[in-house]
Structures are given as structure tokens and as C-alpha cells.
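Only one structure is covered here, and it is reproduced in the block below.
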Amino acid sequence: MLMRVSSWLHRIGSRRLLQRAIIVPLLSLGLAACRELAATPEPSVSATLLPPAPTSTPAPTPIPPPTLTPTPVLNNLWLDPSGVRVYPDGRLYSGDILSFRVEAQNGSDQDLAHVPVVVNWGSDQVAGEINRIPHGDSASTDFLWVWDTAGLVGTHTVTVTVDSENRTGDPDVSNNIAVIPIELRPGRPVAEIGAQWQTTTGACCTFHYIDGTAAARDLAAIKQTADEAVDYVEERLDIRQNDRLEVYLIDRVLGHGGFAGDHLVISYLDRNYAGGGLVEVFRHEATHLLDHRIARGERPIMLVEGFATYITGGHFTIEPLPERAAMLAPLDAYIPLRELANNFYPSQHETGYLEAGAFIDYLVQRNGYANFMALYDGMQRQPGETDAEMIDREMRGVYGVGLDELEAEWQAYLRTLDTAAEQRDVEYTLAFYDTVRRYQRALDPSAYFLSPWIPDIRQAAARQIVADYLRHPNTPENIALETMLVAADAAFLVEDFDRVEALLASTNTVLAADVVFTDPLAARYLAIVNATLLAGYEPHHITLYAERAEVQATVGGDATLTSLAVAQQAGAWSVQLSR
């Protein structure tokens with residue numbers, strides 16, 4: 001029988017389940033008692049005032065302009081300096097082991113294969129190649145952990161060259177070189193000093209994590225959640241895993257928070273601006289790792305991701321899939337299934353997963369789980385078939401009708417459902433994740449889900465390399481926008497969609513203005529962030545009231561969350577420490 005989740009459970013019991021369970025003891029007063037934008041004055045607190053933050057909104061840290069793809073030049077291969085990325089992300093420090101991603105542009109009318117790339121620094125160099133660059137497009141290659149900068153400080157120069165011997169017949173080799181200055185700062189971020197990868201084993205999984213992080217702090221709760229989630233998936237799939245799952249917990253946002261190959265990489269941190277619940281991540285990614293044992297042959301992406309969403313019971317949260325999918329057409333957000341099947345990952349992310357999961361939910365209701373598995377298991381692609389064409393043909397063999405007929409039938413069913421309770425939640429869920437991705441592309445590009453920086457994490461753990469999985473852009477502007485997204489995510493818990501709307505509008509206003517905080521709400525967040533940083537704390541959650549805010553913050557390399565009161569007096573925000 002198809003699992004159903006009540007509206008009450010969806011709203012109160014499951015959204016962001018474990019993450020909220022961990023932070024609710026600290027946030028419950030603010031979330032239960034007040035709206036974030038409430039004007040009701042809070043009781044005064046006996047406090048010692050630390051030095052106030054500047055009374056005017058600080059000028060934002062300069063942000064590099066967006067990378068612009070140069071206009072293709074006919075029959076020309078070229079390298080733009082913006083196409084060379086240096087990792088770990090954020091500031092670089094003496095002792096970092098640097099990696100490079102090199103992206104070259106192909107303006108010719110034919111594909112280029114095996115394009116040589118050389119990266120030089122000092123007297124050292126590393127060579128590789130870009131396997132294929134489609135014509136009129138770009139492609140990249142990575143050089144992982146090739147430069148150990150121990151003992152070096154100051155500015156150094158890296159020279160990157162593509163096709164130095166002109167094997168491709170490039171008519172203009174003058175633009176095949178990029179010279180990149182790299183500044184190495186002395187010292188290291190405090191959270192990285194002495195930090196190492198650790199390993200522990202639970203019933204379902206072997207966990208790898210970095211000590212001193214939120215994952216290390218909450219490991220017992222994470223283990224319990226993982227065990228319950230994997231047990232749930234095993235029961236639904238009627239299959240038991242042969243070995244423990246390998247899980248890597250990282251202290252930064254990458255993509256939407258979870259990736260699965262033959263192991264799991266899960267973002268677990270206090271300022272998780274991408275939202276989502278740990279229960280759902282473990283269920284979804286565990287399904288990916290296990291379903292290849294019951295589904296052989298071709299596995300079209302729409303069905304793979306839809307099946308994981310269906311088994312999980314939702315995407316980023318446990319949710320009533322049919323009722324939420326029924327809201328997409330009225331919101332003008334519905335993607336026809338043929339289009340979605342052929343372009344799944346480039347399509348609007350939440351819409352794609354919701355549609356795919358809800359469509360499988362419908363197929364199971366219509367003809368049973370066994371018939372769906374007959375479709376999912378053993379699909380074979382005929383020469384030249386797209387995913388949509390293969391799905392259509394295979395459906396005719398199992399159901400007697402094709403994709404278009406089943407889609408029309410499904411849409412007719414969705415129009416019969418009562419969707420009133422889901423309208424604003426669906427609308428703002430789409431808007432929330434569009435805003436997250438807009439933020440990533442502007443200010444945290446290595447986290448963007450279509451091109452994330454996820455170097456070989458097994459090798460990183462074996463070599464005790466932690467910076468690539470801890471460090472990320474961390475300016476006051478980054479922190480302010482991320483805490484606004486965290487606040488919007490929390491507002492979903494209490495169905496405060498007016499607050500969600502206000503926070504998203506403010507965030508997008510800042511991003512549209514090239515990260516200038518002229519929006520009043522965003523300016524308040526930035527002022528609170530600056531006051532908290534000035535007091536020596538890093539903020540992760542901000543609950544904003546009329547003239548004060550509750551801030552959950554950490555200090556130094558300690559992952560312990562501390563509750564702070566930040567108050568505004570005479571136009572200035574400052575941290576108050578209780579006596």
C-alpha cells in the first residue's frame with residue numbers, strides 16, 4: 001500500500017526533522033513566541049554592552065563581477081582568466097594544498113579532443129588534458145592537490161596554458177594563456193588548526209567527519225537518524241544492504257546538501273542555507289545506493305530521481321506528493337514529462353523531483369508496485385532513442401499505453417485534488433530554492449549544484465586534507481544572506497509564508513543590486529552580523545524582532561552553539577552578554 005503522510009505530520013513533525021531537533025532547544029523561545037518581523041517590544045535584559053557596530057551600514061566587501069563567457073571566435077580555442085579556479089575556496093593560506101580547475105572555450109565549428117593543459121608555478125608544473133570540448137561551448141579539467149604551499153606567503157604567479165604546441169590547429173594562440181596571481185596569507189583559519197578526519201561505525205553506516213564540526217558535536221543523533229532512515233528504505237525496497245554505507249559529513253553547503261555515488265556526501269552544518277532535512281537526505285541517497293540491485297539495464301534519470309523521491313515520501317521534506325504536484329499547473333510551473341525526461345537536471349530542480357516522484361506515486365496507485373518495478377527493472381534503449389522515447393516504448397509494453405496517455409490521465413486525476421493547503425508552500429518552496437541557487441551562482445559558485453567542487457573525498461580523508469570541505473566564502477555579506485535563507489527555511493516550519501516572502505524578496509533585492517544592502521531588512525541582518533563578528537562570534541541563526549535579535553553563534557574553532565542577544569540602541573546594533 002502506498003505510504004501516505006497526514007497534513008499535520010507534513011507541517012509539524014517532519015520538515016527539516018533532525019536539523020530542527022538539534023537546534024530547537026536553543027531557538028524554541030523565538031520560534032514559538034514571536035514572528036521574526038514582529039513589532040512587539042521584548043523584555044529588557046540586564047546586560048553588559050560590547051562596543052557597538054558602526055551606525056551606518058558597512059560597505060560590502062568587493063565582490064568579483066560575474067564571469068562572462070566571451071563571444072566565440074570562429075575556429076579559435078581560448079582561455080579566459082576567469083576560467084581558472086583555485087581551490088580550496090575562499091581565502092588561501094600558507095600550507096594549503098592547492099587544486100586547479102581549468103575551463104577552456106572552443107569557438108570553432110567542430111569538437112576538440114584531448115586538448116593539452118599545463119599549469120606552471122615557480123619551477124614546478126603539472127600537465128593534463130581536457131578530454132573533449134564541444135564546438136561553441138566550453139569544458140574543464142581538474143588538477144587535484146598538486147601544489148603544497150607550505151612555507152610560502154605573499155603573492156605568487158600561476159601560468160596556465162592550453163594547447164601550447166597547437167595540436168588543434170588554433171589560428172590564434174595568443175589567447176591560450178592565463179596568468180593568475182595567488183595571495184597566500186600567513187596562519188590558518190582557527191577551525192582548521194589541528195582538524196582531522198575521523199571515522200566511526202554505526203549499525204547502517206560508516207561515518208567520516210572532521211573533528212570540531214557540527215557533525216562531530218551531533219554524531220550520536222546523526223547515527224540514530226541514519227539507522228532509522230536506512231531501515232525505512234530497506235523495508236520499502238524489501239532488500240538488505242550487503243555492507244555498511246560509507247557516509248562523509250562535511251561542514252559546508254554543496255549543491256542541495258547530498259550527493260551519492262558508491263558513497264554518500266552530506267552537508268551537515270549549523271548555517272545550512274540550503275535547508276532540507278537529514279531524514280530525507282539519508283532516505284533519498286540510500287535509495288540511490290540500493291535501487292541498482294533491483295533495477296538493471298537503462299535507468300533514465302527522471303525515473304531514478306523520481307523513484308528516490310517516491311520511496312523517501314518527498315524531496316526536501318516528507319510531503320503529500322499528489323497534492324503538491326497538482327499545484328504546479330496553476331502556478332504555471334508544470335514541465336511536460338517528455339521535456340522533463342530529456343532534460344531532467346537542467347530543469348527547475350524542485351519541480352522536476354516533485355513531478356517525477358508524484359508521477360511514480362500515481363503509477364503505483366494505478367497498477368501496483370510490482371507493475372512499476374516491471375517497468376523500472378530491465379529497461380533497454382534502442383539505437384537513437386531519447387529517454388522520453390525509451391520510457392514511452394517501455395510503458396506501452398507494461399501498461400498498454402504510452403507516456404503521453406498516462407501523463408494526460410495523471411493530470412486529470414491531479415485536477416480532482418484539494419490543493420488549497422499546499423498552494424503557498426509549493427509556491428515559496430520553488431522561490432526559496434531558486435533564490436538559493438541564485439545566491440550560490442553569485443557568491444558561493446563552488447557550491448552550485450550543476451558545477452560543485454567535490455574533489456575525491458576518499459583521497460582527502462586518507463591524506464587528512466580538510467580545507468576543501470570546511471572553507472567557503474565567509475564575508476559578512478555571505479553570512480548575512482545565508483542567515484536570511486536559514487530564517488526563511490525556519491519560517492516554513494510555522495507556515496509563516498508572509499515572513500518567507502519578505503525574506504526572499506529582500507535577499508533577491510540584494511543579489512539584483514550586485515550585493516549592495518540597500519534593502520532595509522537585509523541591512524538589519526548585515527548590521528547584526530557585523531555586530532556579532534565584532535564581538536568575536538560567528539552567527540549561524542538570527543531571529544529578528546523589532547529592536548533586538550536572538551543569535552545562535554559559535555566562537556573560534558568550537559562548534560558549541562551560544563545564544564546571544566543583539567540589541568539596537570541609538571541606531572547601532574551591539575551584542576549583549578548576560579551578567
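Letters A, B, ... mark the chains of the C-alpha cells in the order given; residue numbers begin at 1 per chain; ligand numbers begin at 1, in order shown.
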Considering only C-alpha atoms, return as a list of chain:residue names whatever protein or nucleic-acid residues lie within 10 Å of Ala461 in chain A, sequence-local ones (same chain, fewer than 3 positions apart) excluded. A:Gln196, A:Trp197, A:Gln198, A:Thr199, A:His208, A:Tyr209, A:Ile210, A:Tyr248, A:Asp456, A:Ile457, A:Arg458, A:Gln464, A:Ile465, A:Val466
Those residues with all heavy atoms, as a CSV table (one decimal), in the first residue's frame please?
chain,number,residue,atom,x,y,z
A,196,GLN,N,41.1,17.1,11.9
A,196,GLN,CA,41.4,15.9,11.1
A,196,GLN,C,40.1,15.1,10.8
A,196,GLN,O,39.1,15.3,11.5
A,196,GLN,CB,42.4,15.0,11.9
A,196,GLN,CG,43.8,15.6,12.1
A,196,GLN,CD,44.7,14.5,12.6
A,196,GLN,OE1,44.4,13.8,13.5
A,196,GLN,NE2,45.9,14.5,12.1
A,197,TRP,N,40.2,14.3,9.8
A,197,TRP,CA,39.1,13.4,9.5
A,197,TRP,C,39.1,12.3,10.6
A,197,TRP,O,40.2,11.8,10.9
A,197,TRP,CB,39.3,12.8,8.1
A,197,TRP,CG,39.0,13.7,7.0
A,197,TRP,CD1,39.8,14.5,6.3
A,197,TRP,CD2,37.7,13.9,6.5
A,197,TRP,NE1,39.1,15.2,5.3
A,197,TRP,CE2,37.8,14.8,5.4
A,197,TRP,CE3,36.4,13.5,6.8
A,197,TRP,CZ2,36.7,15.3,4.6
A,197,TRP,CZ3,35.3,13.9,6.0
A,197,TRP,CH2,35.5,14.8,5.0
A,198,GLN,N,37.9,12.0,11.0
A,198,GLN,CA,37.7,10.9,12.0
A,198,GLN,C,36.7,9.9,11.4
A,198,GLN,O,35.9,10.2,10.5
A,198,GLN,CB,37.2,11.4,13.3
A,198,GLN,CG,38.0,12.5,13.9
A,198,GLN,CD,39.4,12.0,14.4
A,198,GLN,OE1,39.6,10.8,14.6
A,198,GLN,NE2,40.3,12.9,14.7
A,199,THR,N,36.7,8.7,11.9
A,199,THR,CA,35.8,7.6,11.4
A,199,THR,C,35.2,6.9,12.6
A,199,THR,O,35.8,6.6,13.6
A,199,THR,CB,36.6,6.6,10.5
A,199,THR,OG1,37.2,7.3,9.4
A,199,THR,CG2,35.6,5.5,10.0
A,208,HIS,N,32.4,9.3,8.3
A,208,HIS,CA,33.6,10.0,8.2
A,208,HIS,C,33.3,11.5,8.4
A,208,HIS,O,32.4,12.0,7.7
A,208,HIS,CB,34.3,9.8,6.9
A,208,HIS,CG,34.5,8.4,6.5
A,208,HIS,ND1,35.6,7.6,6.9
A,208,HIS,CD2,33.7,7.5,5.8
A,208,HIS,CE1,35.5,6.4,6.4
A,208,HIS,NE2,34.3,6.3,5.7
A,209,TYR,N,34.0,12.1,9.3
A,209,TYR,CA,33.6,13.5,9.7
A,209,TYR,C,34.9,14.2,10.2
A,209,TYR,O,35.9,13.6,10.4
A,209,TYR,CB,32.6,13.6,10.8
A,209,TYR,CG,33.0,12.9,12.1
A,209,TYR,CD1,33.6,13.7,13.1
A,209,TYR,CD2,32.9,11.5,12.2
A,209,TYR,CE1,34.0,13.1,14.3
A,209,TYR,CE2,33.4,10.9,13.4
A,209,TYR,CZ,33.9,11.7,14.4
A,209,TYR,OH,34.3,11.1,15.6
A,210,ILE,N,34.9,15.5,10.2
A,210,ILE,CA,36.0,16.3,10.7
A,210,ILE,C,35.8,16.8,12.1
A,210,ILE,O,34.7,17.3,12.4
A,210,ILE,CB,36.2,17.5,9.7
A,210,ILE,CG1,36.5,17.0,8.3
A,210,ILE,CG2,37.4,18.4,10.2
A,210,ILE,CD1,36.5,18.1,7.3
A,248,TYR,N,30.1,10.5,4.3
A,248,TYR,CA,31.0,11.6,4.6
A,248,TYR,C,30.2,12.8,4.9
A,248,TYR,O,29.4,13.3,4.1
A,248,TYR,CB,32.0,11.9,3.4
A,248,TYR,CG,33.0,10.8,3.1
A,248,TYR,CD1,32.6,9.6,2.4
A,248,TYR,CD2,34.3,10.9,3.6
A,248,TYR,CE1,33.5,8.6,2.2
A,248,TYR,CE2,35.2,9.8,3.4
A,248,TYR,CZ,34.8,8.7,2.7
A,248,TYR,OH,35.7,7.7,2.4
A,456,ASP,N,37.9,14.3,-4.8
A,456,ASP,CA,37.9,12.9,-4.3
A,456,ASP,C,37.9,12.9,-2.8
A,456,ASP,O,39.0,13.1,-2.2
A,456,ASP,CB,39.1,12.2,-4.9
A,456,ASP,CG,39.0,10.7,-4.5
A,456,ASP,OD1,38.3,10.3,-3.6
A,456,ASP,OD2,39.8,9.9,-5.1
A,457,ILE,N,36.8,12.8,-2.2
A,457,ILE,CA,36.7,12.9,-0.7
A,457,ILE,C,37.3,11.7,0.0
A,457,ILE,O,37.9,11.9,1.1
A,457,ILE,CB,35.2,13.1,-0.3
A,457,ILE,CG1,35.2,13.7,1.2
A,457,ILE,CG2,34.4,11.8,-0.4
A,457,ILE,CD1,33.8,14.2,1.6
A,458,ARG,N,37.4,10.6,-0.6
A,458,ARG,CA,38.1,9.5,0.0
A,458,ARG,C,39.6,9.7,0.1
A,458,ARG,O,40.2,9.5,1.1
A,458,ARG,CB,37.8,8.2,-0.8
A,458,ARG,CG,36.4,7.7,-0.6
A,458,ARG,CD,36.1,6.4,-1.4
A,458,ARG,NE,34.9,5.8,-1.0
A,458,ARG,CZ,34.4,4.7,-1.6
A,458,ARG,NH1,34.9,4.2,-2.7
A,458,ARG,NH2,33.2,4.2,-1.1
A,464,GLN,N,44.2,13.4,5.0
A,464,GLN,CA,43.9,14.4,6.0
A,464,GLN,C,43.9,15.8,5.5
A,464,GLN,O,44.3,16.8,6.1
A,464,GLN,CB,44.9,14.3,7.2
A,464,GLN,CG,44.7,13.0,8.1
A,464,GLN,CD,43.4,13.0,8.8
A,464,GLN,OE1,42.6,14.0,8.9
A,464,GLN,NE2,43.0,11.8,9.3
A,465,ILE,N,43.3,16.0,4.3
A,465,ILE,CA,43.0,17.3,3.7
A,465,ILE,C,41.6,17.7,4.1
A,465,ILE,O,40.6,17.0,3.8
A,465,ILE,CB,43.2,17.2,2.2
A,465,ILE,CG1,44.6,16.9,1.8
A,465,ILE,CG2,42.7,18.6,1.6
A,465,ILE,CD1,44.8,16.7,0.3
A,466,VAL,N,41.5,18.8,4.9
A,466,VAL,CA,40.2,19.2,5.4
A,466,VAL,C,39.7,20.5,4.8
A,466,VAL,O,38.5,20.8,4.8
A,466,VAL,CB,40.2,19.4,6.9
A,466,VAL,CG1,40.6,18.0,7.6
A,466,VAL,CG2,41.1,20.5,7.3
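The environment of range 350-365 of chain A within 6 Å, counting only C-alpha atoms and disregarding residues fewer than 4 places along the same chain, consists of Gly306, Thr309, Tyr310, Leu321, Pro322, Ala325 and Tyr369 of chain A.
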Which neighbours of Asn272 in chain A fall inside 10 Å, counting only C-alpha atoms, when residues of the same chain fewer than 2 positions from it are skipped, and could you give them as number ranges by chain? A: 19, 251-254, 256-257, 267-270, 274-276, 482-483, 485-486, 489, 540-541
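Picture a line from CA of Ala215 in chain A to CA of Gly258 in chain A; it runs 14.4 Å.
Distances from A:Ile391, A:Ala523, A:Val160, A:Leu493 to Gln125 in chain A were compared using only C-alpha atoms, and the smallest one belongs to A:Val160.
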Please provide the set of residues having any atom within 10 Å of range 428-441 of chain A, restricted to only C-alpha atoms, with same-chain residues fewer than 6 positions apart removed, written as JSON, numbers by chain. {"A": [66, 67, 253, 254, 255, 256, 273, 274, 275, 316, 328, 333, 348, 349, 350, 351, 447, 448, 449, 450, 451, 452, 478, 481, 482, 485, 488, 489, 492, 497, 498, 500, 501, 503, 504, 505, 507, 508, 510, 511, 512, 515]}
How many Å lie between CA of Ala565 in chain A and CA of Ala531 in chain A, rounded to one decimal? 10.8 Å
Which is closer to Asp496 in chain A than all the others in A:Arg424, A:Phe517, A:Pro181, A:Phe307, using only C-alpha atoms? A:Arg424
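DSSP annotation of range 217-448 of chain A from backbone atoms: strand (DSSP E) residues are Leu245, Glu246, Val247, Tyr248, Leu249, Ile250, Gly258, Phe259, Ala260, Leu264, Val265, Ile266 and Ser267 of chain A.
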Figure out the distance between CA of Gly136 in chain A and CA of Arg101 in chain A, please, to one decimal in Å.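 Answer for the CA of Arg101 in chain A to CA of Gly136 in chain A separation: 19.7 Å.
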Excluding range 475-477 of chain A and its own-chain neighbours fewer than 6 positions away, which residues fall within 12 Å of it when counting only C-alpha atoms? Please give them as an MDAnalysis selection string. chainID A and resid 57:63 90:91 439 442:444 483:484 507 510:511 514:517 522:534 537:540
Env of Arg85 in chain A: 10 Å cut, atoms = only C-alpha atoms, seq-sep filter 2 positions within chain, self excluded. Answer as JSON, numbers by chain. {"A": [81, 82, 83, 87, 88, 89, 99, 100, 101, 102, 103, 142, 180, 446]}
Requested write-out: N, CA, C and O atoms of the selected residues, as a PDB file, in the first residue's frame:
ATOM      1  N   PRO A  81      40.950  34.231 -18.141  1.00  0.00           N
ATOM      2  CA  PRO A  81      41.434  34.092 -16.755  1.00  0.00           C
ATOM      3  C   PRO A  81      40.341  33.685 -15.774  1.00  0.00           C
ATOM      4  O   PRO A  81      40.618  32.989 -14.789  1.00  0.00           O
ATOM      5  N   SER A  82      39.102  34.116 -16.028  1.00  0.00           N
ATOM      6  CA  SER A  82      38.015  33.734 -15.121  1.00  0.00           C
ATOM      7  C   SER A  82      37.715  32.251 -15.190  1.00  0.00           C
ATOM      8  O   SER A  82      37.004  31.719 -14.330  1.00  0.00           O
ATOM      9  N   GLY A  83      38.235  31.570 -16.217  1.00  0.00           N
ATOM     10  CA  GLY A  83      38.028  30.135 -16.344  1.00  0.00           C
ATOM     11  C   GLY A  83      39.001  29.299 -15.532  1.00  0.00           C
ATOM     12  O   GLY A  83      38.934  28.075 -15.571  1.00  0.00           O
ATOM     13  N   TYR A  87      41.474  26.234  -5.691  1.00  0.00           N
ATOM     14  CA  TYR A  87      40.807  25.698  -4.505  1.00  0.00           C
ATOM     15  C   TYR A  87      41.845  25.304  -3.463  1.00  0.00           C
ATOM     16  O   TYR A  87      42.960  24.969  -3.818  1.00  0.00           O
ATOM     17  N   PRO A  88      41.484  25.310  -2.155  1.00  0.00           N
ATOM     18  CA  PRO A  88      40.143  25.440  -1.577  1.00  0.00           C
ATOM     19  C   PRO A  88      39.548  26.824  -1.796  1.00  0.00           C
ATOM     20  O   PRO A  88      40.273  27.788  -2.049  1.00  0.00           O
ATOM     21  N   ASP A  89      38.226  26.882  -1.689  1.00  0.00           N
ATOM     22  CA  ASP A  89      37.505  28.113  -1.961  1.00  0.00           C
ATOM     23  C   ASP A  89      37.763  29.135  -0.855  1.00  0.00           C
ATOM     24  O   ASP A  89      38.192  28.808   0.244  1.00  0.00           O
ATOM     25  N   SER A  99      44.449  23.056  -5.537  1.00  0.00           N
ATOM     26  CA  SER A  99      43.934  22.386  -6.732  1.00  0.00           C
ATOM     27  C   SER A  99      43.519  23.443  -7.738  1.00  0.00           C
ATOM     28  O   SER A  99      43.256  24.595  -7.375  1.00  0.00           O
ATOM     29  N   PHE A 100      43.426  23.050  -9.008  1.00  0.00           N
ATOM     30  CA  PHE A 100      43.038  23.961 -10.073  1.00  0.00           C
ATOM     31  C   PHE A 100      41.962  23.321 -10.942  1.00  0.00           C
ATOM     32  O   PHE A 100      42.010  22.126 -11.232  1.00  0.00           O
ATOM     33  N   ARG A 101      40.996  24.132 -11.318  1.00  0.00           N
ATOM     34  CA  ARG A 101      40.035  23.755 -12.361  1.00  0.00           C
ATOM     35  C   ARG A 101      40.247  24.712 -13.531  1.00  0.00           C
ATOM     36  O   ARG A 101      40.167  25.927 -13.359  1.00  0.00           O
ATOM     37  N   VAL A 102      40.516  24.164 -14.706  1.00  0.00           N
ATOM     38  CA  VAL A 102      40.801  24.966 -15.888  1.00  0.00           C
ATOM     39  C   VAL A 102      39.707  24.716 -16.923  1.00  0.00           C
ATOM     40  O   VAL A 102      39.497  23.587 -17.365  1.00  0.00           O
ATOM     41  N   GLU A 103      39.018  25.790 -17.295  1.00  0.00           N
ATOM     42  CA  GLU A 103      37.940  25.726 -18.282  1.00  0.00           C
ATOM     43  C   GLU A 103      38.368  26.479 -19.537  1.00  0.00           C
ATOM     44  O   GLU A 103      38.719  27.657 -19.479  1.00  0.00           O
ATOM     45  N   ASP A 142      40.352  19.075 -14.020  1.00  0.00           N
ATOM     46  CA  ASP A 142      40.785  19.377 -12.665  1.00  0.00           C
ATOM     47  C   ASP A 142      42.181  18.826 -12.403  1.00  0.00           C
ATOM     48  O   ASP A 142      42.534  17.741 -12.878  1.00  0.00           O
ATOM     49  N   ILE A 180      47.630  34.055 -13.427  1.00  0.00           N
ATOM     50  CA  ILE A 180      46.763  34.214 -12.264  1.00  0.00           C
ATOM     51  C   ILE A 180      47.609  34.536 -11.038  1.00  0.00           C
ATOM     52  O   ILE A 180      48.491  33.747 -10.667  1.00  0.00           O
ATOM     53  N   SER A 446      31.295  27.602  -6.058  1.00  0.00           N
ATOM     54  CA  SER A 446      31.750  26.214  -5.973  1.00  0.00           C
ATOM     55  C   SER A 446      30.701  25.316  -5.331  1.00  0.00           C
ATOM     56  O   SER A 446      30.836  24.090  -5.351  1.00  0.00           O
TER      57      SER A 446
END
For Thr201 in chain A: contacts at 12 Å, only C-alpha atoms, fewer than 6 positions along chain excluded, given as a list in words: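 Result of the neighbour search: Phe207, His208, Tyr209, Leu219, Ala220, Ile222, Lys223, Gln224, Ala226, Asp227, Asp243, Arg244, Leu245, Glu246, Val247 and Tyr248 of chain A.
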Selected residues, N, CA, C and O atoms, written as an mmCIF file, in the first residue's frame, please.
data_model
loop_
_atom_site.group_PDB
_atom_site.id
_atom_site.type_symbol
_atom_site.label_atom_id
_atom_site.label_comp_id
_atom_site.auth_asym_id
_atom_site.auth_seq_id
_atom_site.Cartn_x
_atom_site.Cartn_y
_atom_site.Cartn_z
ATOM 1 N N PHE A 207 30.738 6.345 9.241
ATOM 2 C CA PHE A 207 30.687 7.803 9.142
ATOM 3 C C PHE A 207 32.104 8.369 9.174
ATOM 4 O O PHE A 207 32.911 8.010 10.030
ATOM 5 N N HIS A 208 32.362 9.279 8.256
ATOM 6 C CA HIS A 208 33.612 10.024 8.217
ATOM 7 C C HIS A 208 33.260 11.499 8.429
ATOM 8 O O HIS A 208 32.385 12.026 7.748
ATOM 9 N N TYR A 209 33.953 12.148 9.342
ATOM 10 C CA TYR A 209 33.631 13.523 9.686
ATOM 11 C C TYR A 209 34.908 14.211 10.153
ATOM 12 O O TYR A 209 35.932 13.565 10.445
ATOM 13 N N LEU A 219 27.043 13.751 16.530
ATOM 14 C CA LEU A 219 27.227 12.455 15.889
ATOM 15 C C LEU A 219 26.234 11.400 16.372
ATOM 16 O O LEU A 219 25.722 10.607 15.577
ATOM 17 N N ALA A 220 25.951 11.351 17.661
ATOM 18 C CA ALA A 220 25.031 10.335 18.180
ATOM 19 C C ALA A 220 23.649 10.469 17.552
ATOM 20 O O ALA A 220 23.027 9.473 17.153
ATOM 21 N N ILE A 222 22.956 11.918 14.672
ATOM 22 C CA ILE A 222 23.074 11.615 13.241
ATOM 23 C C ILE A 222 23.038 10.108 13.019
ATOM 24 O O ILE A 222 22.363 9.613 12.107
ATOM 25 N N LYS A 223 23.767 9.368 13.839
ATOM 26 C CA LYS A 223 23.768 7.906 13.709
ATOM 27 C C LYS A 223 22.359 7.337 13.847
ATOM 28 O O LYS A 223 21.935 6.477 13.055
ATOM 29 N N GLN A 224 21.631 7.800 14.844
ATOM 30 C CA GLN A 224 20.277 7.288 15.063
ATOM 31 C C GLN A 224 19.376 7.605 13.872
ATOM 32 O O GLN A 224 18.617 6.748 13.406
ATOM 33 N N ALA A 226 20.292 8.154 10.761
ATOM 34 C CA ALA A 226 20.720 7.355 9.616
ATOM 35 C C ALA A 226 20.216 5.923 9.729
ATOM 36 O O ALA A 226 19.713 5.347 8.753
ATOM 37 N N ASP A 227 20.349 5.323 10.908
ATOM 38 C CA ASP A 227 19.881 3.946 11.098
ATOM 39 C C ASP A 227 18.393 3.834 10.796
ATOM 40 O O ASP A 227 17.946 2.909 10.088
ATOM 41 N N ASP A 243 26.713 -4.344 2.754
ATOM 42 C CA ASP A 243 27.770 -3.708 3.539
ATOM 43 C C ASP A 243 27.247 -2.382 4.090
ATOM 44 O O ASP A 243 26.263 -1.835 3.612
ATOM 45 N N ARG A 244 27.931 -1.864 5.075
ATOM 46 C CA ARG A 244 27.571 -0.555 5.595
ATOM 47 C C ARG A 244 27.780 0.516 4.524
ATOM 48 O O ARG A 244 28.719 0.450 3.737
ATOM 49 N N LEU A 245 26.911 1.490 4.524
ATOM 50 C CA LEU A 245 27.076 2.623 3.626
ATOM 51 C C LEU A 245 28.211 3.504 4.125
ATOM 52 O O LEU A 245 28.378 3.704 5.334
ATOM 53 N N GLU A 246 28.978 4.051 3.189
ATOM 54 C CA GLU A 246 30.041 4.979 3.527
ATOM 55 C C GLU A 246 29.469 6.402 3.449
ATOM 56 O O GLU A 246 28.986 6.826 2.396
ATOM 57 N N VAL A 247 29.510 7.129 4.557
ATOM 58 C CA VAL A 247 28.917 8.462 4.643
ATOM 59 C C VAL A 247 29.987 9.462 5.049
ATOM 60 O O VAL A 247 30.679 9.270 6.065
ATOM 61 N N TYR A 248 30.119 10.525 4.264
ATOM 62 C CA TYR A 248 31.047 11.610 4.578
ATOM 63 C C TYR A 248 30.220 12.844 4.926
ATOM 64 O O TYR A 248 29.410 13.302 4.115
#
For the structure I just gave you, how does DSSP split range 222-312 of chain A - specifically, which residues are alpha helix (DSSP H)? Reply as a PyMOL selection string. chain A and resi 222-237+278-291+301-312
Between A:Val119, A:Ala487, A:Val426, A:Cys204, which has the minimum distance to Pro330 in chain A (counting only C-alpha atoms)?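 Among A:Val119, A:Ala487, A:Val426, A:Cys204, it is A:Val426 that comes nearest to Pro330 in chain A.
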I'd like to know which of A:Ala203, A:Ala480, A:Ala113, A:Ala490 is closest to Leu521 in chain A, using only C-alpha atoms.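 Among the listed residues, A:Ala480 lies closest to Leu521 in chain A.
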Nearest to Ile239 in chain A by atom-to-atom distance, counting only C-alpha atoms, from A:Val158, A:Leu290, A:Ile193, A:Leu278: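 The shortest atom-to-atom distance to Ile239 in chain A comes from A:Leu290.
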Selected residue, from A:Ala139, A:Leu331, A:Ala195, A:Val281, that lies nearest to Asp111 in chain A when counting only C-alpha atoms: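 Looking only at the distances to Asp111 in chain A, the closest residue turns out to be A:Ala139.
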